[in-house]
Amino acid sequence: PAFARLLGVVLLELGLHQPLDAAIGWQGEGESTLARQMLAAKPLPERSLLLGDRLFGSPWLMWFLLPLLAACQGAFLLRARTGLKAKRIQRYADGSWLVEIKVTDPETKRKVGVIRVREILADIRVETGGKPLRIRLWTSLLDAAAHPAMELVELYAARWEHELFYRELKSHLHGCGNLLDAQTPVTAAQEAIAMLLAASLITSQRAAVAGTAG
């Protein structure tokens with residue numbers, strides 16, 4: 001391609017769009033690899049609900065996340081691809097299922113274990129009367145009475161704030177869309193990090209204004 005790509009992931013607080021952490025790929029690492037590196041390096045906030053789209057809804061990443069989230073009393077709610085296999089164990093009153101998923105190491109192709117998660121299938125309509133979009137969610141929140149399926153589907157919809165954050169970062173704050181001004185990998189990473197620092201300062205100002213306004 002005419003332009004090189006700088007891959008990265010951002011851990012974002014969705015309410016005020018505060019970037020909590022980030023990882024940038026120097027050696028062509030994919031987003032899933034970068035996410036594992038980032039999440040292993042720094043504890044998540046207490047009682048976090050970690051949201052992620054289909055890229056992150058993989059058995060291998062969930063296997064990695066479970067002990068990290070247990071340490072902070074957190075949980076995950078991830079969108080999964082329809083092609084991934086899961087064995088249904090028990091159906092809950094809200095229509096969700098307890099499912100069992102085999103976990104395979106992507107490098108060795110060997111089975112490393114089995115995890116149990118709750119599966120939620122939901123039809124989402126972007127507009128009234130439009131064609132519904134079927135989504136498949138996997139969560140470590142297994143108590144259907146404490147965490148009803150509809151409540152979790154509505155919470156997952158908040159993940160779209162992450163896309164709005166990237167729009168703010170690229171179009172509003174940077175102003176040049178997907179193209180950076182830097183000419184080398186090092187300066188490109190510096191530019192991306194500077195944008196994240198600026199976004200954090202803006203978030204702090206949002207919080208201050210909100211506090212003043214009550």
# chains A, B, ... in the order shown; residues from 1 in each chain; ligands from 1
call {"tool": "residues_around", "arguments": {"residues": "Leu34 of chain A", "least_positions_apart": "6", "cutoff": "7 Å", "atoms": "only C-alpha atoms", "output": "VMD selection string"}}
result
chain A and resid 8 to 9 23 25
call {"tool": "write_last_selection", "arguments": {"atoms": "N, CA, C and O atoms", "output": "PDB file, in the first residue's frame"}}
result
ATOM      1  N   GLY A   8      -2.618  -0.435  16.813  1.00  0.00           N
ATOM      2  CA  GLY A   8      -2.617  -0.167  18.245  1.00  0.00           C
ATOM      3  C   GLY A   8      -3.960  -0.486  18.856  1.00  0.00           C
ATOM      4  O   GLY A   8      -4.960  -0.655  18.152  1.00  0.00           O
ATOM      5  N   VAL A   9      -3.989  -0.619  20.180  1.00  0.00           N
ATOM      6  CA  VAL A   9      -5.232  -0.806  20.920  1.00  0.00           C
ATOM      7  C   VAL A   9      -5.268   0.199  22.058  1.00  0.00           C
ATOM      8  O   VAL A   9      -4.224   0.610  22.579  1.00  0.00           O
ATOM      9  N   ALA A  23      -1.450   0.306  23.705  1.00  0.00           N
ATOM     10  CA  ALA A  23      -0.281  -0.450  23.225  1.00  0.00           C
ATOM     11  C   ALA A  23      -0.182  -0.252  21.721  1.00  0.00           C
ATOM     12  O   ALA A  23      -1.186  -0.298  21.012  1.00  0.00           O
ATOM     13  N   GLY A  25       1.895  -1.414  18.134  1.00  0.00           N
ATOM     14  CA  GLY A  25       2.679  -2.507  17.574  1.00  0.00           C
ATOM     15  C   GLY A  25       3.907  -2.025  16.817  1.00  0.00           C
ATOM     16  O   GLY A  25       3.785  -1.283  15.846  1.00  0.00           O
TER      17      GLY A  25
END
call {"tool": "select_by_dssp", "arguments": {"residues": "segment 4-207 of chain A", "states": "strand (DSSP E or B)", "output": "MDAnalysis selection string"}}
result
chainID A and resid 8:13 18:24 49:52 75:79 87:91 97:104 111:124 133:139
call {"tool": "closest_residue", "arguments": {"among": "A:Met62, A:Ala149, A:Ala70, A:Ala22", "to": "Pro45 of chain A", "atoms": "only C-alpha atoms"}}
result
A:Ala70
call {"tool": "residues_around", "arguments": {"residues": "Ile115 of chain A", "least_positions_apart": "4", "cutoff": "10 Å", "atoms": "only C-alpha atoms", "output": "PyMOL selection string"}}
result
chain A and resi 59-60+62-63+66+86+99-103+140
call {"tool": "residues_around", "arguments": {"residues": "Leu55 of chain A", "least_positions_apart": "4", "cutoff": "10 Å", "atoms": "only C-alpha atoms", "output": "short mmCIF file (atom, residue, chain, number, x, y, z; two decimals) with C-alpha atoms, in the first residue's frame"}}
result
data_model
loop_
_atom_site.label_atom_id
_atom_site.label_comp_id
_atom_site.auth_asym_id
_atom_site.auth_seq_id
_atom_site.Cartn_x
_atom_site.Cartn_y
_atom_site.Cartn_z
CA GLU A 31 -4.62 -6.15 18.01
CA SER A 32 -5.26 -9.34 20.00
CA LEU A 61 -8.21 -14.27 24.86
CA LEU A 78 -17.39 -9.77 24.41
CA ARG A 79 -19.01 -10.20 21.03
CA ALA A 80 -18.19 -13.58 19.48
CA ARG A 81 -18.15 -14.68 15.87
#
call {"tool": "residues_around", "arguments": {"residues": "Arg91 of chain A", "least_positions_apart": "5", "cutoff": "10 Å", "atoms": "only C-alpha atoms", "output": "list in words"}}
result
Ser96, Trp97, Leu98, Val99, Arg118, Glu119 and Ala144 of chain A
call {"tool": "write_last_selection", "arguments": {"atoms": "N, CA and C atoms", "output": "short mmCIF file (atom, residue, chain, number, x, y, z; two decimals), in the first residue's frame"}}
result
data_model
loop_
_atom_site.label_atom_id
_atom_site.label_comp_id
_atom_site.auth_asym_id
_atom_site.auth_seq_id
_atom_site.Cartn_x
_atom_site.Cartn_y
_atom_site.Cartn_z
N SER A 96 -30.70 -16.85 27.86
CA SER A 96 -29.26 -17.04 27.68
C SER A 96 -28.89 -18.48 28.03
N TRP A 97 -27.67 -18.86 27.65
CA TRP A 97 -27.21 -20.24 27.86
C TRP A 97 -25.86 -20.26 28.58
N LEU A 98 -25.69 -21.25 29.45
CA LEU A 98 -24.37 -21.58 29.94
C LEU A 98 -23.73 -22.50 28.90
N VAL A 99 -22.56 -22.10 28.39
CA VAL A 99 -21.92 -22.89 27.34
C VAL A 99 -20.49 -23.23 27.74
N ARG A 118 -21.35 -17.50 29.66
CA ARG A 118 -22.77 -17.37 29.34
C ARG A 118 -22.90 -16.77 27.96
N GLU A 119 -23.76 -17.38 27.14
CA GLU A 119 -23.97 -16.92 25.77
C GLU A 119 -25.32 -16.23 25.66
N ALA A 144 -27.62 -15.27 35.88
CA ALA A 144 -28.62 -14.62 35.04
C ALA A 144 -29.60 -13.79 35.85
#
call {"tool": "closest_residue", "arguments": {"among": "A:Asp123, A:Leu169, A:Ala208, A:Leu49", "to": "Glu191 of chain A", "atoms": "only C-alpha atoms"}}
result
A:Leu169
call {"tool": "select_by_dssp", "arguments": {"residues": "segment 4-214 of chain A", "states": "helix (DSSP H, G or I)", "output": "JSON, numbers by chain"}}
result
{"A": [31, 32, 33, 34, 35, 36, 37, 38, 39, 40, 41, 59, 60, 61, 62, 63, 64, 65, 66, 67, 68, 69, 70, 71, 149, 150, 151, 152, 153, 154, 155, 156, 157, 160, 161, 162, 163, 164, 165, 166, 167, 168, 169, 170, 171, 172, 173, 174, 185, 186, 187, 188, 189, 190, 191, 192, 193, 194, 195, 196, 197, 198, 199, 200, 201, 202, 203, 204, 205, 206, 207, 208, 209, 210, 211, 212, 213]}
call {"tool": "write_last_selection", "arguments": {"atoms": "C-alpha atoms", "output": "PDB file, in the first residue's frame"}}
result
ATOM      1  CA  GLU A  31      -4.625  -6.150  18.007  1.00  0.00           C
ATOM      2  CA  SER A  32      -5.257  -9.345  19.996  1.00  0.00           C
ATOM      3  CA  THR A  33      -1.551  -9.721  20.813  1.00  0.00           C
ATOM      4  CA  LEU A  34      -1.278  -6.055  21.743  1.00  0.00           C
ATOM      5  CA  ALA A  35      -4.353  -6.331  23.964  1.00  0.00           C
ATOM      6  CA  ARG A  36      -2.834  -9.233  25.911  1.00  0.00           C
ATOM      7  CA  GLN A  37       0.440  -7.344  26.355  1.00  0.00           C
ATOM      8  CA  MET A  38      -1.366  -4.226  27.529  1.00  0.00           C
ATOM      9  CA  LEU A  39      -3.731  -5.954  29.943  1.00  0.00           C
ATOM     10  CA  ALA A  40      -0.959  -8.067  31.469  1.00  0.00           C
ATOM     11  CA  ALA A  41       1.212  -5.023  32.180  1.00  0.00           C
ATOM     12  CA  PRO A  59     -11.581 -18.476  23.516  1.00  0.00           C
ATOM     13  CA  TRP A  60      -7.818 -17.896  23.735  1.00  0.00           C
ATOM     14  CA  LEU A  61      -8.212 -14.272  24.857  1.00  0.00           C
ATOM     15  CA  MET A  62     -10.971 -15.173  27.325  1.00  0.00           C
ATOM     16  CA  TRP A  63      -8.711 -17.857  28.809  1.00  0.00           C
ATOM     17  CA  PHE A  64      -6.088 -15.151  29.280  1.00  0.00           C
ATOM     18  CA  LEU A  65      -8.566 -12.626  30.731  1.00  0.00           C
ATOM     19  CA  LEU A  66     -10.278 -14.769  33.358  1.00  0.00           C
ATOM     20  CA  PRO A  67      -7.476 -14.701  36.007  1.00  0.00           C
ATOM     21  CA  LEU A  68      -6.785 -10.999  35.386  1.00  0.00           C
ATOM     22  CA  LEU A  69     -10.436 -10.113  35.894  1.00  0.00           C
ATOM     23  CA  ALA A  70     -10.762 -12.385  38.919  1.00  0.00           C
ATOM     24  CA  ALA A  71      -7.973 -10.393  40.574  1.00  0.00           C
ATOM     25  CA  ALA A 149     -29.514 -10.737  29.367  1.00  0.00           C
ATOM     26  CA  MET A 150     -31.348  -7.579  28.282  1.00  0.00           C
ATOM     27  CA  GLU A 151     -29.332  -5.478  30.716  1.00  0.00           C
ATOM     28  CA  LEU A 152     -26.069  -6.868  29.333  1.00  0.00           C
ATOM     29  CA  VAL A 153     -27.146  -6.309  25.716  1.00  0.00           C
ATOM     30  CA  GLU A 154     -27.891  -2.674  26.557  1.00  0.00           C
ATOM     31  CA  LEU A 155     -24.526  -2.362  28.282  1.00  0.00           C
ATOM     32  CA  TYR A 156     -22.753  -3.828  25.252  1.00  0.00           C
ATOM     33  CA  ALA A 157     -24.330  -1.106  23.108  1.00  0.00           C
ATOM     34  CA  TRP A 160     -19.948   2.096  20.391  1.00  0.00           C
ATOM     35  CA  GLU A 161     -18.559   4.975  22.484  1.00  0.00           C
ATOM     36  CA  HIS A 162     -15.136   3.528  21.671  1.00  0.00           C
ATOM     37  CA  GLU A 163     -15.769   4.170  17.965  1.00  0.00           C
ATOM     38  CA  LEU A 164     -16.884   7.725  18.772  1.00  0.00           C
ATOM     39  CA  PHE A 165     -13.651   8.190  20.717  1.00  0.00           C
ATOM     40  CA  TYR A 166     -11.627   7.243  17.639  1.00  0.00           C
ATOM     41  CA  ARG A 167     -13.657   9.674  15.548  1.00  0.00           C
ATOM     42  CA  GLU A 168     -12.867  12.425  18.061  1.00  0.00           C
ATOM     43  CA  LEU A 169      -9.204  11.436  18.030  1.00  0.00           C
ATOM     44  CA  LYS A 170      -8.797  11.283  14.229  1.00  0.00           C
ATOM     45  CA  SER A 171     -11.238  13.878  12.906  1.00  0.00           C
ATOM     46  CA  HIS A 172     -11.663  16.450  15.677  1.00  0.00           C
ATOM     47  CA  LEU A 173      -8.415  16.423  17.644  1.00  0.00           C
ATOM     48  CA  HIS A 174      -5.958  15.464  14.900  1.00  0.00           C
ATOM     49  CA  PRO A 185       7.599   4.301  12.989  1.00  0.00           C
ATOM     50  CA  VAL A 186       9.122   5.960  16.061  1.00  0.00           C
ATOM     51  CA  THR A 187       7.747   9.434  15.356  1.00  0.00           C
ATOM     52  CA  ALA A 188       4.415   7.942  14.288  1.00  0.00           C
ATOM     53  CA  ALA A 189       4.126   6.231  17.671  1.00  0.00           C
ATOM     54  CA  GLN A 190       5.094   9.489  19.397  1.00  0.00           C
ATOM     55  CA  GLU A 191       2.400  11.331  17.463  1.00  0.00           C
ATOM     56  CA  ALA A 192      -0.241   8.748  18.372  1.00  0.00           C
ATOM     57  CA  ILE A 193       0.741   8.877  22.046  1.00  0.00           C
ATOM     58  CA  ALA A 194       0.625  12.684  21.995  1.00  0.00           C
ATOM     59  CA  MET A 195      -2.923  12.493  20.630  1.00  0.00           C
ATOM     60  CA  LEU A 196      -3.910  10.133  23.462  1.00  0.00           C
ATOM     61  CA  LEU A 197      -2.381  12.496  26.039  1.00  0.00           C
ATOM     62  CA  ALA A 198      -4.343  15.380  24.525  1.00  0.00           C
ATOM     63  CA  ALA A 199      -7.527  13.277  24.631  1.00  0.00           C
ATOM     64  CA  SER A 200      -6.869  12.575  28.315  1.00  0.00           C
ATOM     65  CA  LEU A 201      -6.502  16.291  29.046  1.00  0.00           C
ATOM     66  CA  ILE A 202      -9.797  16.990  27.267  1.00  0.00           C
ATOM     67  CA  THR A 203     -11.473  14.275  29.348  1.00  0.00           C
ATOM     68  CA  SER A 204     -10.167  15.836  32.552  1.00  0.00           C
ATOM     69  CA  GLN A 205     -11.675  19.134  31.445  1.00  0.00           C
ATOM     70  CA  ARG A 206     -15.005  17.397  30.723  1.00  0.00           C
ATOM     71  CA  ALA A 207     -15.006  15.982  34.242  1.00  0.00           C
ATOM     72  CA  ALA A 208     -14.234  19.401  35.722  1.00  0.00           C
ATOM     73  CA  VAL A 209     -17.041  21.079  33.767  1.00  0.00           C
ATOM     74  CA  ALA A 210     -19.470  18.326  34.749  1.00  0.00           C
ATOM     75  CA  GLY A 211     -18.528  18.732  38.407  1.00  0.00           C
ATOM     76  CA  THR A 212     -19.005  22.498  38.260  1.00  0.00           C
ATOM     77  CA  ALA A 213     -22.377  22.124  36.538  1.00  0.00           C
TER      78      ALA A 213
END
call {"tool": "residues_around", "arguments": {"residues": "Ala4 of chain A", "least_positions_apart": "6", "cutoff": "10 Å", "atoms": "only C-alpha atoms", "output": "number ranges by chain"}}
result
A: 179, 183-185
call {"tool": "write_last_selection", "arguments": {"atoms": "C-alpha atoms", "output": "compact mmCIF listing (two decimals), in the first residue's frame"}}
result
# COMPACT_ATOMS: atom_id res chain seq x y z
CA LEU A 179 -3.09 9.80 8.13
CA GLN A 183 7.44 9.78 8.56
CA THR A 184 9.03 7.01 10.69
CA PRO A 185 7.60 4.30 12.99
